Amino acid sequence: MKKTILITGGSGLIGKSLTELLLQSGYEVFHLSRNHRAIPGVKVFRWAPEENEIDTACIQGVQAIVHLAGENIGARPWTNDRKKKIIESRTQSIRLIYNLLEKHPEHQVQSVISASAVGIYGDRGDEILTETSSPGSDFLAITCKEWERAVDEAKGLRVVKLRTGVVLSNAASALQKMDKPVKLGMGSSLGSGKQWMPWIHLDDITALYLFALENETLTGAFNAATSNPLTNIDLTRAIASHLNKSLWAPAVPAFILRVILGHMSAIVLNSTKTSNGKIKEAGFRFKFDTIDQALKNIYAGEKSS
Ligand SMILES: NC(=O)c1ccc[n+]([C@@H]2O[C@H](COP(=O)([O-])OP(=O)(O)OC[C@H]3O[C@@H](n4cnc5c(N)ncnc54)[C@H](OP(=O)(O)O)[C@@H]3O)[C@@H](O)[C@H]2O)c1
């Protein structure tokens, strides 16, 4: 009999794609959401992590939890209040579920598969970063450390943390932010352009969550990005080439990005060159391992103007 999976943040980019894949694969899917939006084939339970509210029925019959919920990191400026929300939407939310599990020791949950991010390593130049590399110390790194620490508070459960690179898809706002100026003929690299950006196609990160759910020997942290991280300039060039656009505009200097974005500029200026050896050794195979494969798939059918 197929299992029941409870997804937090199931209404987001990765959550929607994972829900579809799980339903196609015969799983029963529950969502924990702050909204009551109906999703075909899915039981949606309401929670309000900020108010410590959760529908206690959400864990009934559940064997695994996928924790994707979290305030969007790049949506708004990082005020102190915003920073608190970014962290607590990831940490207090999973703790709310763990408290519920403790109150119901008869529960059947065995595994927690959680999102994390390559931002845990901070700004590291050309260093090759494995899961045993030390974490960084900027806000993104602190967020990821707190997030992973909260997820690790699970008692007696298998925990997997997927340190995800930028997810590329035609629905992903990250790629839209990168390709919009290119489409307008004004694309350029950011800062030195030499910063490494680990990336992963949406289909691969979705498949990786399923892989982590189904491979019950998998535990701990895994870098979730392709074997071919790109520098910002190479990624921008690849996007331009797939859209038949030329890049003529000068690079946007790092100091201007720092003035405009403040600390948030770390999202685009940090250099993180991750290795995915650990997840490949565990048997995961990427469908889109090169940027050409990924962009060809994403832009298929899209005509440049
Ligand atoms: N996409 C990427 O490139 C990328 C890269 C690295 C890591 N990640 C991480 O992977 C996870 C999933 O990514 P995604 O791109 O699918 O995210 P997403 O599209 O922004 O969706 C996240 C979901 O989290 C829920 N949420 C938002 N704010 C919340 C809050 N304050 N409290 C509780 N829930 C909240 C929302 O669900 P409801 O509105 O239904 O409650 C939302 O649909 C995120 O934690 C993200 O940081 C993503």
# chains A, B, ... in the order shown; residues from 1 in each chain; ligands from 1
call {"tool": "select_by_dssp", "arguments": {"residues": "segment 37-127 of chain A", "states": "helix (DSSP H, G or I)", "output": "VMD selection string"}}
result
chain A and resid 49 to 51 56 to 59 80 to 103 118 to 121
call {"tool": "closest_atom_pairs", "arguments": {"of": "chain A", "to": "ligand 1", "cutoff": "7 Å", "atoms": "only C-alpha atoms and all ligand atoms", "output": "tab-separated table"}}
result
residue	atom	partner	partner_atom_place_in_ligand_line	distance
A:Thr8	CA	ligand 1	24 (O)	6.8
A:Gly9	CA	ligand 1	23 (C)	3.6
A:Gly10	CA	ligand 1	43 (O)	5.9
A:Ser11	CA	ligand 1	43 (O)	4.1
A:Gly12	CA	ligand 1	19 (O)	3.3
A:Leu13	CA	ligand 1	16 (O)	3.6
A:Ile14	CA	ligand 1	16 (O)	3.7
A:Gly15	CA	ligand 1	16 (O)	5.3
A:Leu32	CA	ligand 1	41 (O)	6.9
A:Ser33	CA	ligand 1	41 (O)	3.7
A:Arg34	CA	ligand 1	41 (O)	3.9
A:Asn35	CA	ligand 1	40 (O)	5.6
A:Ala48	CA	ligand 1	33 (C)	6.9
A:Pro49	CA	ligand 1	32 (N)	5.9
A:Glu50	CA	ligand 1	32 (N)	6.9
A:Leu68	CA	ligand 1	11 (C)	4.2
A:Ala69	CA	ligand 1	24 (O)	3.4
A:Gly70	CA	ligand 1	24 (O)	4.3
A:Glu71	CA	ligand 1	28 (N)	3.5
A:Asn72	CA	ligand 1	20 (O)	4.7
A:Ile73	CA	ligand 1	47 (O)	6.4
A:Lys85	CA	ligand 1	31 (N)	6.2
A:Ser89	CA	ligand 1	32 (N)	4.3
A:Arg90	CA	ligand 1	45 (O)	6.9
A:Ser93	CA	ligand 1	33 (C)	6.5
A:Ala115	CA	ligand 1	10 (O)	4.8
A:Ser116	CA	ligand 1	7 (C)	5.5
A:Ala117	CA	ligand 1	7 (C)	4.4
A:Val118	CA	ligand 1	6 (C)	6.8
A:Arg163	CA	ligand 1	7 (C)	6.8
A:Thr164	CA	ligand 1	6 (C)	4.3
A:Gly165	CA	ligand 1	5 (C)	5.0
A:Val166	CA	ligand 1	3 (O)	3.8
A:Val167	CA	ligand 1	3 (O)	3.8
A:Leu168	CA	ligand 1	3 (O)	6.9
A:Ala172	CA	ligand 1	1 (N)	6.8
A:Ala174	CA	ligand 1	3 (O)	6.3
call {"tool": "write_last_selection", "arguments": {"atoms": "N, CA, C and O atoms", "output": "short mmCIF file (atom, residue, chain, number, x, y, z; two decimals), in the first residue's frame"}}
result
data_model
loop_
_atom_site.label_atom_id
_atom_site.label_comp_id
_atom_site.auth_asym_id
_atom_site.auth_seq_id
_atom_site.Cartn_x
_atom_site.Cartn_y
_atom_site.Cartn_z
N THR A 8 4.34 20.47 3.95
CA THR A 8 4.15 21.86 4.37
C THR A 8 4.63 22.74 3.21
O THR A 8 5.62 22.40 2.56
N GLY A 9 3.90 23.82 2.94
CA GLY A 9 4.29 24.67 1.80
C GLY A 9 4.07 23.96 0.47
O GLY A 9 4.75 24.24 -0.51
N GLY A 10 3.09 23.05 0.45
CA GLY A 10 2.82 22.26 -0.77
C GLY A 10 2.24 23.08 -1.90
O GLY A 10 2.18 22.62 -3.04
N SER A 11 1.83 24.32 -1.60
CA SER A 11 1.24 25.17 -2.64
C SER A 11 2.30 25.94 -3.43
O SER A 11 1.98 26.64 -4.37
N GLY A 12 3.58 25.82 -3.02
CA GLY A 12 4.64 26.58 -3.68
C GLY A 12 5.19 25.88 -4.92
O GLY A 12 4.66 24.86 -5.38
N LEU A 13 6.28 26.42 -5.44
CA LEU A 13 6.86 25.92 -6.70
C LEU A 13 7.21 24.43 -6.61
O LEU A 13 6.77 23.61 -7.42
N ILE A 14 8.02 24.07 -5.62
CA ILE A 14 8.45 22.67 -5.51
C ILE A 14 7.28 21.81 -5.03
O ILE A 14 7.07 20.69 -5.51
N GLY A 15 6.50 22.36 -4.09
CA GLY A 15 5.39 21.61 -3.52
C GLY A 15 4.38 21.18 -4.56
O GLY A 15 3.90 20.04 -4.55
N LEU A 32 -0.30 21.03 4.47
CA LEU A 32 -0.54 21.98 5.55
C LEU A 32 -0.35 23.35 4.92
O LEU A 32 0.73 23.65 4.40
N SER A 33 -1.40 24.16 4.97
CA SER A 33 -1.34 25.46 4.30
C SER A 33 -2.00 26.52 5.17
O SER A 33 -2.87 26.21 5.98
N ARG A 34 -1.57 27.77 4.98
CA ARG A 34 -2.21 28.87 5.71
C ARG A 34 -3.53 29.25 5.04
O ARG A 34 -4.30 30.02 5.56
N ASN A 35 -3.78 28.68 3.83
CA ASN A 35 -5.02 28.98 3.09
C ASN A 35 -5.87 27.73 3.00
O ASN A 35 -5.39 26.64 3.20
N ALA A 48 -1.52 27.84 11.13
CA ALA A 48 -1.05 29.22 11.21
C ALA A 48 0.15 29.17 12.15
O ALA A 48 0.02 29.41 13.35
N PRO A 49 1.32 28.82 11.63
CA PRO A 49 2.48 28.61 12.50
C PRO A 49 2.79 29.81 13.38
O PRO A 49 3.19 29.63 14.53
N GLU A 50 2.56 31.02 12.86
CA GLU A 50 2.86 32.21 13.68
C GLU A 50 1.99 32.27 14.93
O GLU A 50 2.39 32.81 15.95
N LEU A 68 8.55 22.10 3.30
CA LEU A 68 8.96 23.09 2.30
C LEU A 68 8.58 24.51 2.71
O LEU A 68 9.00 25.48 2.07
N ALA A 69 7.75 24.64 3.74
CA ALA A 69 7.19 25.95 4.08
C ALA A 69 8.26 26.95 4.47
O ALA A 69 9.24 26.61 5.13
N GLY A 70 8.06 28.17 4.06
CA GLY A 70 8.97 29.24 4.45
C GLY A 70 8.69 30.50 3.68
O GLY A 70 8.35 30.44 2.49
N GLU A 71 8.78 31.63 4.36
CA GLU A 71 8.65 32.94 3.69
C GLU A 71 9.65 33.01 2.55
O GLU A 71 10.80 32.62 2.69
N ASN A 72 9.20 33.57 1.42
CA ASN A 72 10.08 33.72 0.26
C ASN A 72 11.26 34.64 0.61
O ASN A 72 11.06 35.76 1.07
N ILE A 73 12.47 34.12 0.41
CA ILE A 73 13.67 34.84 0.85
C ILE A 73 13.93 36.12 0.05
O ILE A 73 14.37 37.13 0.61
N LYS A 85 10.81 36.60 10.34
CA LYS A 85 9.77 35.79 9.67
C LYS A 85 10.41 34.73 8.79
O LYS A 85 9.93 33.60 8.72
N SER A 89 9.41 31.10 10.04
CA SER A 89 8.45 30.36 9.20
C SER A 89 9.00 28.97 8.86
O SER A 89 8.26 28.08 8.48
N ARG A 90 10.31 28.80 8.99
CA ARG A 90 10.94 27.50 8.72
C ARG A 90 11.17 26.69 10.00
O ARG A 90 11.09 25.47 9.98
N SER A 93 7.58 26.45 12.49
CA SER A 93 6.58 25.64 11.79
C SER A 93 6.86 24.15 11.98
O SER A 93 5.96 23.39 12.34
N ALA A 115 13.49 20.88 3.05
CA ALA A 115 14.30 21.78 2.22
C ALA A 115 15.34 22.45 3.11
O ALA A 115 15.14 22.64 4.30
N SER A 116 16.48 22.74 2.54
CA SER A 116 17.46 23.65 3.09
C SER A 116 18.06 24.31 1.84
O SER A 116 17.50 24.16 0.75
N ALA A 117 19.14 25.04 1.99
CA ALA A 117 19.65 25.72 0.80
C ALA A 117 21.17 25.77 0.80
O ALA A 117 21.81 25.70 1.86
N VAL A 118 21.73 25.90 -0.40
CA VAL A 118 23.19 25.99 -0.53
C VAL A 118 23.72 27.26 0.14
O VAL A 118 24.91 27.38 0.40
N ARG A 163 19.97 20.53 0.58
CA ARG A 163 20.56 21.88 0.45
C ARG A 163 20.49 22.29 -1.01
O ARG A 163 21.38 22.00 -1.81
N THR A 164 19.39 22.97 -1.32
CA THR A 164 19.00 23.18 -2.71
C THR A 164 19.65 24.40 -3.34
O THR A 164 19.76 25.46 -2.70
N GLY A 165 20.06 24.25 -4.61
CA GLY A 165 20.56 25.38 -5.39
C GLY A 165 19.38 26.11 -6.03
O GLY A 165 18.22 25.75 -5.79
N VAL A 166 19.65 27.10 -6.86
CA VAL A 166 18.56 27.83 -7.52
C VAL A 166 17.77 26.86 -8.39
O VAL A 166 18.35 26.16 -9.23
N VAL A 167 16.46 26.82 -8.18
CA VAL A 167 15.61 25.91 -8.94
C VAL A 167 15.21 26.59 -10.25
O VAL A 167 14.67 27.71 -10.23
N LEU A 168 15.51 25.93 -11.37
CA LEU A 168 15.19 26.52 -12.67
C LEU A 168 13.96 25.83 -13.27
O LEU A 168 13.90 24.60 -13.33
N ALA A 172 9.56 29.32 -12.41
CA ALA A 172 10.35 29.73 -11.24
C ALA A 172 10.68 31.21 -11.29
O ALA A 172 11.23 31.70 -12.28
N ALA A 174 12.96 32.75 -9.83
CA ALA A 174 14.40 33.00 -9.88
C ALA A 174 14.85 33.13 -11.34
O ALA A 174 15.55 34.09 -11.69
#
call {"tool": "closest_residue", "arguments": {"among": "A:Lys180, A:Lys84, A:His67, A:Arg95", "to": "Ile54 of chain A", "atoms": "only C-alpha atoms"}}
result
A:Arg95
call {"tool": "closest_atom_pairs", "arguments": {"of": "segment 217-283 of chain A", "to": "segment 136-146 of chain A", "cutoff": "10 Å", "atoms": "only C-alpha atoms", "output": "tab-separated table"}}
result
residue	atom	partner	partner_atom	distance
A:His263	CA	A:Phe139	CA	8.1
A:Met264	CA	A:Phe139	CA	8.9
A:Ala266	CA	A:Leu140	CA	7.9
A:Ile267	CA	A:Leu140	CA	8.1
A:Asn270	CA	A:Leu140	CA	9.9
call {"tool": "closest_atom_pairs", "arguments": {"of": "segment 249-293 of chain A", "to": "segment 196-219 of chain A", "cutoff": "12 Å", "atoms": "only C-alpha atoms", "output": "Markdown table"}}
result
| residue | atom | partner | partner_atom | distance |
| --- | --- | --- | --- | --- |
| A:Ala266 | CA | A:Met197 | CA | 11.6 |
| A:Ile267 | CA | A:Met197 | CA | 9.7 |
| A:Val268 | CA | A:Met197 | CA | 8.3 |
| A:Leu269 | CA | A:Trp196 | CA | 8.8 |
| A:Asn270 | CA | A:Trp196 | CA | 7.6 |
| A:Ser271 | CA | A:Trp196 | CA | 4.6 |
| A:Thr272 | CA | A:Trp196 | CA | 5.1 |
| A:Lys273 | CA | A:Trp196 | CA | 5.4 |
| A:Thr274 | CA | A:Pro198 | CA | 6.5 |
| A:Ser275 | CA | A:Pro198 | CA | 9.0 |
| A:Asn276 | CA | A:Pro198 | CA | 9.8 |
| A:Lys278 | CA | A:Leu218 | CA | 10.5 |
| A:Ile279 | CA | A:Leu208 | CA | 9.0 |
| A:Lys280 | CA | A:Leu208 | CA | 10.6 |
| A:Glu281 | CA | A:Leu218 | CA | 11.0 |
| A:Ala282 | CA | A:Leu218 | CA | 7.6 |
| A:Gly283 | CA | A:Phe211 | CA | 9.0 |
| A:Phe284 | CA | A:Phe211 | CA | 7.2 |
| A:Arg285 | CA | A:Asp204 | CA | 8.6 |
| A:Phe286 | CA | A:Asp204 | CA | 6.0 |
| A:Lys287 | CA | A:Asp204 | CA | 6.3 |
| A:Phe288 | CA | A:His201 | CA | 6.4 |
| A:Asp289 | CA | A:Ile200 | CA | 7.9 |
| A:Thr290 | CA | A:Ile200 | CA | 9.4 |
| A:Ile291 | CA | A:Trp199 | CA | 8.7 |
| A:Asp292 | CA | A:His201 | CA | 11.2 |
| A:Gln293 | CA | A:His201 | CA | 9.5 |
call {"tool": "atom_distance", "arguments": {"atom1": "atom CA of Ser133 of chain A", "atom2": "atom CA of Arg149 of chain A"}}
result
16.1 Å
call {"tool": "residues_around", "arguments": {"residues": "Met1 of chain A", "least_positions_apart": "2", "cutoff": "12 Å", "atoms": "only C-alpha atoms", "output": "count of residues only"}}
result
7
